[in-house]
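Chemist: Just so it is clear, I am handing over data.cif, which has mmCIF, C-alpha atoms.
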data_target
loop_
_atom_site.label_atom_id
_atom_site.label_comp_id
_atom_site.auth_asym_id
_atom_site.auth_seq_id
_atom_site.Cartn_x
_atom_site.Cartn_y
_atom_site.Cartn_z
CA LEU A 1 37.52 94.17 20.21
CA PHE A 2 40.65 96.26 19.93
CA PRO A 3 40.09 99.75 21.37
CA PHE A 4 40.91 101.77 18.29
CA LEU A 5 39.24 105.03 19.14
CA PHE A 6 39.73 106.51 15.70
CA LEU A 7 37.31 103.91 14.30
CA SER A 8 34.51 104.70 16.74
CA LYS A 9 31.83 104.85 14.10
CA ILE A 10 32.28 101.34 12.82
CA ASN A 11 33.49 100.09 16.18
CA TYR A 12 30.27 101.24 17.85
CA TYR A 13 28.19 99.33 15.33
CA LEU A 14 30.26 96.18 15.62
CA GLN A 15 30.13 96.21 19.40
CA LYS A 16 26.37 96.23 19.17
CA THR A 17 26.03 93.50 16.57
CA CYS A 18 29.17 91.32 16.40
CA THR A 19 31.27 89.12 18.64
CA PHE A 20 34.25 88.43 16.39
CA PRO A 21 37.60 90.27 16.81
CA LEU A 22 38.67 92.93 14.36
CA ASP A 23 41.87 91.16 13.30
CA ASN A 24 42.29 93.24 10.16
CA ILE A 25 42.41 96.48 12.18
CA ARG A 26 45.63 95.64 13.86
CA PHE A 27 48.37 97.31 15.85
CA SER A 28 51.55 96.85 13.80
CA TYR A 29 55.10 97.00 15.08
CA LEU A 30 58.12 97.91 13.04
CA LYS A 31 60.50 94.96 13.14
CA ARG A 32 63.54 95.61 15.28
CA HIS A 33 66.44 93.50 14.13
CA ARG A 34 69.85 94.62 12.93
CA PHE A 35 72.22 92.37 11.08
CA TYR A 36 74.29 94.72 8.98
CA SER A 37 75.87 98.09 9.57
CA SER A 38 73.86 100.35 7.30
CA PRO A 39 75.52 102.99 5.13
CA SER A 40 76.49 106.32 6.68
CA ASN A 41 73.89 109.07 7.23
CA PHE A 42 72.71 110.94 4.14
CA ALA A 43 71.51 114.49 3.59
CA MET A 44 68.01 114.83 4.96
CA ASN A 45 66.39 116.20 1.83
CA VAL A 46 67.84 113.52 -0.45
CA PHE A 47 66.44 110.02 -0.24
CA ASP A 48 68.69 108.07 -2.57
CA LYS A 49 67.89 104.37 -2.29
CA THR A 50 70.95 103.43 -4.32
CA LYS A 51 73.15 104.54 -1.43
CA PHE A 52 71.79 101.66 0.63
CA SER A 53 74.16 99.10 -0.80
CA LYS A 54 76.69 96.97 0.96
CA VAL A 55 78.91 94.02 0.14
CA VAL A 56 78.85 91.33 2.82
CA PRO A 57 81.87 88.96 2.72
CA LEU A 58 80.84 85.36 3.27
CA VAL A 59 82.17 81.85 2.82
CA ALA A 60 80.40 79.62 0.30
CA MET A 61 80.47 75.83 0.43
CA LYS A 62 80.58 74.27 -3.03
CA VAL A 63 78.63 71.00 -3.18
CA SER A 64 77.14 68.83 -5.91
CA SER A 65 73.65 69.81 -6.96
CA LYS A 66 72.32 66.41 -5.94
CA SER A 67 73.54 66.76 -2.36
CA VAL A 68 72.26 70.28 -1.63
CA GLY A 69 69.33 69.01 0.42
CA SER A 70 71.55 66.81 2.59
CA TYR A 71 73.98 69.65 3.35
CA LEU A 72 71.20 72.12 4.09
CA SER A 73 69.77 69.69 6.61
CA ALA A 74 73.08 68.74 8.23
CA PHE A 75 74.38 72.33 8.49
CA GLN A 76 71.10 74.07 9.23
CA GLU A 77 72.39 75.84 12.35
CA PHE A 78 75.55 77.08 10.61
CA LEU A 79 74.13 78.53 7.39
CA PHE A 80 73.52 82.12 6.39
CA ASP A 81 70.01 82.94 7.54
CA ARG A 82 68.59 86.38 6.86
CA PRO A 83 65.16 87.50 5.63
CA LYS A 84 64.68 87.84 1.87
CA ILE A 85 68.14 86.47 1.03
CA LYS A 86 68.59 82.99 -0.38
CA ARG A 87 71.28 80.67 0.94
CA VAL A 88 71.79 78.57 -2.21
CA HIS A 89 73.31 80.15 -5.33
CA GLU A 90 74.37 78.98 -8.76
CA GLU A 91 78.02 78.19 -9.38
CA HIS A 92 78.76 79.92 -12.64
CA GLY A 93 80.60 77.66 -15.05
CA ASP A 94 79.60 74.44 -13.24
CA SER A 95 76.01 73.32 -13.77
CA GLN A 96 76.57 70.26 -11.57
CA ALA A 97 77.37 72.28 -8.45
CA LYS A 98 75.74 74.79 -6.12
CA LEU A 99 77.07 77.28 -3.58
CA ILE A 100 75.67 77.22 -0.04
CA LEU A 101 76.33 80.30 2.07
CA LEU A 102 77.70 79.73 5.55
CA SER A 103 76.99 81.88 8.59
CA GLU A 104 78.73 85.24 8.95
CA SER A 105 80.60 83.75 11.91
CA VAL A 106 82.57 81.53 9.50
CA ALA A 107 85.29 83.47 7.72
CA PHE A 108 88.61 83.28 5.95
CA SER A 109 91.40 84.90 7.93
CA ALA A 110 93.65 87.53 6.43
CA GLY A 111 96.93 86.59 4.82
CA GLU A 112 98.18 84.45 1.96
CA LYS A 113 97.27 80.76 2.30
CA SER A 114 97.11 77.76 0.04
CA GLU A 115 93.72 76.29 -0.89
CA ALA A 116 94.32 73.35 1.44
CA GLU A 117 95.26 75.63 4.35
CA SER A 118 92.20 77.78 3.80
CA LYS A 119 89.97 74.70 3.75
CA GLU A 120 91.40 73.42 7.04
CA GLU A 121 90.91 76.84 8.53
CA ILE A 122 87.20 76.83 7.66
CA ILE A 123 86.67 73.25 8.78
CA LYS A 124 88.07 74.01 12.23
CA GLN A 125 85.43 76.71 12.72
CA LEU A 126 82.63 74.17 12.43
CA PRO A 127 81.58 71.34 14.80
CA GLU A 128 83.77 68.28 14.87
CA GLU A 129 80.89 65.91 14.12
CA LEU A 130 80.29 67.69 10.79
CA GLN A 131 83.89 67.83 9.69
CA PRO A 132 83.86 64.48 7.79
CA LEU A 133 81.21 65.93 5.45
CA LEU A 134 83.32 69.03 4.91
CA ARG A 135 86.25 67.00 3.59
CA GLU A 136 84.17 66.27 0.48
CA VAL A 137 83.48 69.89 -0.43
CA SER A 138 85.44 73.01 -1.31
CA PHE A 139 85.11 76.57 -0.05
CA LYS A 140 85.35 79.91 -1.77
CA PRO A 141 84.83 83.57 -0.85
CA PHE A 142 81.40 84.94 -1.73
CA GLU A 143 80.58 88.64 -1.87
CA LEU A 144 76.88 89.16 -1.23
CA GLN A 145 75.55 92.43 -2.59
CA ILE A 146 72.58 93.78 -0.67
CA GLY A 147 70.54 96.92 -1.26
CA TYR A 148 67.65 99.01 0.03
CA ASP A 149 65.11 96.18 -0.15
CA TYR A 150 67.03 94.10 2.40
CA PHE A 151 67.10 96.73 5.15
CA THR A 152 64.28 97.04 7.68
CA ALA A 153 62.30 100.25 8.12
CA GLU A 154 64.11 100.98 11.36
CA GLU A 155 67.55 100.45 9.79
CA VAL A 156 66.70 102.79 6.91
CA LEU A 157 65.29 105.50 9.17
CA ARG A 158 68.29 105.35 11.49
CA GLN A 159 70.45 106.28 8.52
CA LEU A 160 68.19 108.96 7.07
CA LEU A 161 67.29 110.77 10.29
CA PRO A 162 69.76 112.77 12.37
CA GLU A 163 71.52 110.93 15.15
CA ASN A 164 69.54 110.72 18.42
CA THR A 165 66.25 111.38 16.62
CA GLU A 166 63.56 109.05 17.94
CA ILE A 167 62.52 106.42 15.39
CA PRO A 168 58.76 105.69 15.22
CA SER A 169 58.42 102.25 16.79
CA SER A 170 54.79 101.54 15.94
CA PHE A 171 51.81 102.63 13.91
CA GLU A 172 48.10 101.90 13.82
CA GLN A 173 46.68 100.39 10.65
CA ALA A 174 43.21 100.28 9.13
CA GLY A 175 43.12 98.58 5.76
CA HIS A 176 45.60 100.30 3.47
CA ILE A 177 46.08 103.28 5.83
CA ALA A 178 48.84 103.62 8.42
CA HIS A 179 48.24 106.21 11.12
CA LEU A 180 51.11 107.92 12.93
CA ASN A 181 51.15 110.39 15.79
CA LEU A 182 54.54 112.00 15.24
CA ARG A 183 56.22 114.13 17.84
CA GLU A 184 57.18 117.68 16.97
CA GLU A 185 60.88 116.88 16.49
CA MET A 186 59.96 114.25 13.87
CA LEU A 187 57.79 116.55 11.74
CA PRO A 188 60.61 117.87 9.51
CA PHE A 189 61.18 114.26 8.39
CA LYS A 190 57.54 113.16 8.09
CA SER A 191 57.64 112.62 4.32
CA ILE A 192 60.68 110.36 4.53
CA ILE A 193 59.17 108.41 7.44
CA GLY A 194 55.93 107.90 5.54
CA GLN A 195 57.64 106.79 2.33
CA VAL A 196 59.83 104.27 4.16
CA LEU A 197 56.76 102.75 5.84
CA ILE A 198 55.10 102.32 2.45
CA ASP A 199 58.25 100.79 0.96
CA LYS A 200 58.60 98.26 3.79
CA ASN A 201 54.92 97.36 4.23
CA PRO A 202 53.38 96.24 0.92
CA HIS A 203 49.77 96.47 2.13
CA ILE A 204 50.10 100.13 3.12
CA LYS A 205 49.26 102.65 0.40
CA THR A 206 48.58 105.77 2.50
CA VAL A 207 50.33 107.16 5.58
CA VAL A 208 48.64 109.86 7.65
CA ASN A 209 49.74 111.87 10.66
CA LYS A 210 47.44 113.26 13.34
CA ILE A 211 47.61 117.07 13.41
CA GLY A 212 44.97 117.98 16.00
CA ASN A 213 42.91 116.84 18.95
CA ILE A 214 39.95 114.47 18.96
CA GLU A 215 36.91 116.70 19.33
CA THR A 216 33.91 114.91 17.73
CA GLU A 217 31.51 112.39 19.25
CA PHE A 218 32.84 109.76 16.86
CA ARG A 219 36.40 110.49 18.02
CA THR A 220 37.71 111.31 14.55
CA PHE A 221 40.63 113.70 14.30
CA PRO A 222 42.24 116.08 11.79
CA MET A 223 45.01 114.45 9.79
CA GLU A 224 47.35 115.02 6.87
CA VAL A 225 48.65 112.62 4.26
CA ILE A 226 52.43 112.48 4.57
CA ALA A 227 53.05 109.76 1.95
CA GLY A 228 51.19 107.74 -0.63
CA GLU A 229 47.69 108.04 -2.04
CA GLU A 230 45.14 110.52 -0.70
CA ASN A 231 42.54 107.80 -0.34
CA PHE A 232 40.62 107.54 2.94
CA ASN A 233 38.03 104.98 1.82
CA VAL A 234 38.77 101.77 3.72
CA SER A 235 37.26 98.32 3.16
CA LEU A 236 37.63 95.52 5.70
CA LYS A 237 36.42 91.93 5.70
CA GLU A 238 35.61 89.96 8.83
CA SER A 239 33.95 86.54 9.01
CA GLY A 240 32.52 86.95 5.52
CA ALA A 241 31.16 90.45 6.18
CA LYS A 242 32.52 93.49 4.37
CA PHE A 243 32.67 96.93 5.98
CA SER A 244 33.43 100.14 4.14
CA PHE A 245 33.95 103.55 5.71
CA ASN A 246 35.82 106.82 5.32
CA PHE A 247 38.75 106.92 7.71
CA ALA A 248 38.81 110.73 7.88
CA THR A 249 35.14 111.48 8.68
#
Would you give me this structure, written as structure tokens?

Modeler:
Amino acid sequence: LFPFLFLSKINYYLQKTCTFPLDNIRFSYLKRHRFYSSPSNFAMNVFDKTKFSKVVPLVAMKVSSKSVGSYLSAFQEFLFDRPKIKRVHEEHGDSQAKLILLSESVAFSAGEKSEAESKEEIIKQLPEELQPLLREVSFKPFELQIGYDYFTAEEVLRQLLPENTEIPSSFEQAGHIAHLNLREEMLPFKSIIGQVLIDKNPHIKTVVNKIGNIETEFRTFPMEVIAGEENFNVSLKESGAKFSFNFAT
């Protein structure tokens, strides 16, 4: 059993009667991966999601629709690969072709060049054994527009919070509730932190922050809702059994 003290009531019962792990009451980590430079810091009291937009310049490989699968397989290690963003796009005006996005490491260099020179330039950036396949395709610049949905919680918070402010790296979760224990310097930004966690974790509907010490025999604690619904009634299922309890009492 995971030692989640704030669930002592139900935990005590389960320890007496059950042997299965409480997988649904899990310790969740905010993903830590950066792949774009996020937009510059915004005013703290204004959370404008539209400001999280960026154009990423890429190179697209134009191939016939019938050969998309073959090229995806052959170039798997050299394709654009980021969460939530597709690598294959429609080629407007040519229903028989598709555009496959190459890795960010492949790029057109600056300066005026002919189409043939640009193609040779791209081919030289890829492994020699794949170059024969590249002779049969064409390349074109592709501007990928990304927005708020494509940034991780950490990336968003690093832009919204003042520089050098500690970013919450983890939270405890019980059903739809995420529980934080924010430090004093984070409290002015608690609402923004809570809303970002809800936005980036679809199963979370309520975010609470601990505001006092654990003083009861069941190890519950005073808390405040900092984002989402004020709903403390949690339901969990384990091995066919359903458990319902109030997270706050």

Chemist: Considering all atoms listed in the file, state which residue in the set A:Pro222, A:Glu166, A:Lys237, A:Ser65 is at the smallest distance from Thr249 in chain A.

Modeler: A:Pro222

Chemist: Please determine, counting all atoms listed in the file, which residue among A:Tyr71, A:Phe52, A:Phe47, A:Phe247 has the shortest atom-to-atom distance to Asp149 in chain A.

Modeler: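 Selected residue with least distance to Asp149 in chain A: A:Phe52.
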
Chemist: Here is a test: counting only C-alpha atoms, which residue of A:Ala227, A:Gly147, A:Thr50, A:His203 is nearest to Phe189 in chain A?

Modeler: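 Among A:Ala227, A:Gly147, A:Thr50, A:His203, it is A:Ala227 that comes nearest to Phe189 in chain A.
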
Chemist: I would like the residues chosen by the PyMOL selection byres ((chain A and resi 231) around 10) on the shown file; could you give them as a list of chain:residue names?

Modeler: A:His176, A:Ile177, A:Lys205, A:Thr206, A:Val207, A:Val225, A:Gly228, A:Glu229, A:Glu230, A:Phe232, A:Asn233, A:Val234, A:Asn246, A:Phe247, A:Ala248

Chemist: To one decimal place, how far is CA of Lys54 in chain A from CA of Tyr150 in chain A in Å?

Modeler: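 That distance, rounded to one decimal, is 10.2 Å.
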
Chemist: Write out as a compact mmCIF listing (two decimals) with C-alpha atoms, keeping the file's coordinate frame each polymer residue whose atoms come within 7 Å of Ala153 in chain A, counting all atoms listed in the file; drop sequence neighbours fewer than 2 positions from it.

Modeler:
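Contents of the output file part-v9.txt:
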# COMPACT_ATOMS: atom_id res chain seq x y z
CA LEU A 30 58.12 97.91 13.04
CA PHE A 151 67.10 96.73 5.15
CA GLU A 155 67.55 100.45 9.79
CA VAL A 156 66.70 102.79 6.91
CA LEU A 157 65.29 105.50 9.17
CA VAL A 196 59.83 104.27 4.16
CA LEU A 197 56.76 102.75 5.84
CA LYS A 200 58.60 98.26 3.79

Chemist: Once N, CA and C atoms are restored for range 52-82 of chain A, what would the output be as a short mmCIF file (atom, residue, chain, number, x, y, z; two decimals), in the coordinates of the input?

Modeler:
data_model
loop_
_atom_site.label_atom_id
_atom_site.label_comp_id
_atom_site.auth_asym_id
_atom_site.auth_seq_id
_atom_site.Cartn_x
_atom_site.Cartn_y
_atom_site.Cartn_z
N PHE A 52 71.92 102.77 -0.31
CA PHE A 52 71.79 101.66 0.63
C PHE A 52 72.29 100.37 -0.02
N SER A 53 73.57 100.31 -0.22
CA SER A 53 74.16 99.10 -0.80
C SER A 53 75.39 98.73 0.02
N LYS A 54 75.59 97.46 0.14
CA LYS A 54 76.69 96.97 0.96
C LYS A 54 77.11 95.61 0.44
N VAL A 55 78.39 95.34 0.49
CA VAL A 55 78.91 94.02 0.14
C VAL A 55 79.24 93.28 1.44
N VAL A 56 78.62 92.13 1.62
CA VAL A 56 78.85 91.33 2.82
C VAL A 56 79.77 90.16 2.46
N PRO A 57 80.96 90.09 3.03
CA PRO A 57 81.87 88.96 2.72
C PRO A 57 81.45 87.70 3.46
N LEU A 58 81.26 86.64 2.70
CA LEU A 58 80.84 85.36 3.27
C LEU A 58 81.71 84.24 2.74
N VAL A 59 81.52 83.06 3.31
CA VAL A 59 82.17 81.85 2.82
C VAL A 59 81.10 80.96 2.20
N ALA A 60 81.33 80.51 0.98
CA ALA A 60 80.40 79.62 0.30
C ALA A 60 80.97 78.20 0.25
N MET A 61 80.11 77.25 0.48
CA MET A 61 80.47 75.83 0.43
C MET A 61 80.00 75.29 -0.92
N LYS A 62 80.92 74.79 -1.71
CA LYS A 62 80.58 74.27 -3.03
C LYS A 62 80.29 72.78 -2.92
N VAL A 63 79.05 72.41 -3.27
CA VAL A 63 78.63 71.00 -3.18
C VAL A 63 77.99 70.59 -4.50
N SER A 64 77.83 69.30 -4.70
CA SER A 64 77.14 68.83 -5.91
C SER A 64 75.67 69.17 -5.82
N SER A 65 75.06 69.42 -6.94
CA SER A 65 73.65 69.81 -6.96
C SER A 65 72.77 68.76 -6.31
N LYS A 66 73.13 67.50 -6.47
CA LYS A 66 72.32 66.41 -5.94
C LYS A 66 72.36 66.34 -4.41
N SER A 67 73.38 66.88 -3.81
CA SER A 67 73.54 66.76 -2.36
C SER A 67 73.17 68.03 -1.59
N VAL A 68 72.60 69.02 -2.28
CA VAL A 68 72.26 70.28 -1.63
C VAL A 68 71.33 70.05 -0.44
N GLY A 69 70.30 69.27 -0.64
CA GLY A 69 69.33 69.01 0.42
C GLY A 69 69.98 68.42 1.66
N SER A 70 70.88 67.47 1.46
CA SER A 70 71.55 66.81 2.59
C SER A 70 72.40 67.81 3.37
N TYR A 71 73.11 68.68 2.67
CA TYR A 71 73.98 69.65 3.35
C TYR A 71 73.16 70.73 4.05
N LEU A 72 72.05 71.14 3.44
CA LEU A 72 71.20 72.12 4.09
C LEU A 72 70.65 71.58 5.41
N SER A 73 70.30 70.31 5.40
CA SER A 73 69.77 69.69 6.61
C SER A 73 70.85 69.52 7.68
N ALA A 74 72.02 69.03 7.27
CA ALA A 74 73.08 68.74 8.23
C ALA A 74 73.66 70.02 8.84
N PHE A 75 73.73 71.10 8.04
CA PHE A 75 74.38 72.33 8.49
C PHE A 75 73.38 73.45 8.80
N GLN A 76 72.16 73.09 9.06
CA GLN A 76 71.10 74.07 9.23
C GLN A 76 71.44 75.18 10.21
N GLU A 77 72.09 74.85 11.32
CA GLU A 77 72.39 75.84 12.35
C GLU A 77 73.60 76.72 12.00
N PHE A 78 74.30 76.38 10.92
CA PHE A 78 75.55 77.08 10.61
C PHE A 78 75.51 77.73 9.23
N LEU A 79 74.30 77.92 8.71
CA LEU A 79 74.13 78.53 7.39
C LEU A 79 73.70 79.99 7.51
N PHE A 80 73.95 80.73 6.47
CA PHE A 80 73.52 82.12 6.39
C PHE A 80 72.00 82.15 6.46
N ASP A 81 71.46 82.94 7.34
CA ASP A 81 70.01 82.94 7.54
C ASP A 81 69.52 84.35 7.80
N ARG A 82 69.11 85.03 6.73
CA ARG A 82 68.59 86.38 6.86
C ARG A 82 67.35 86.52 5.98
#
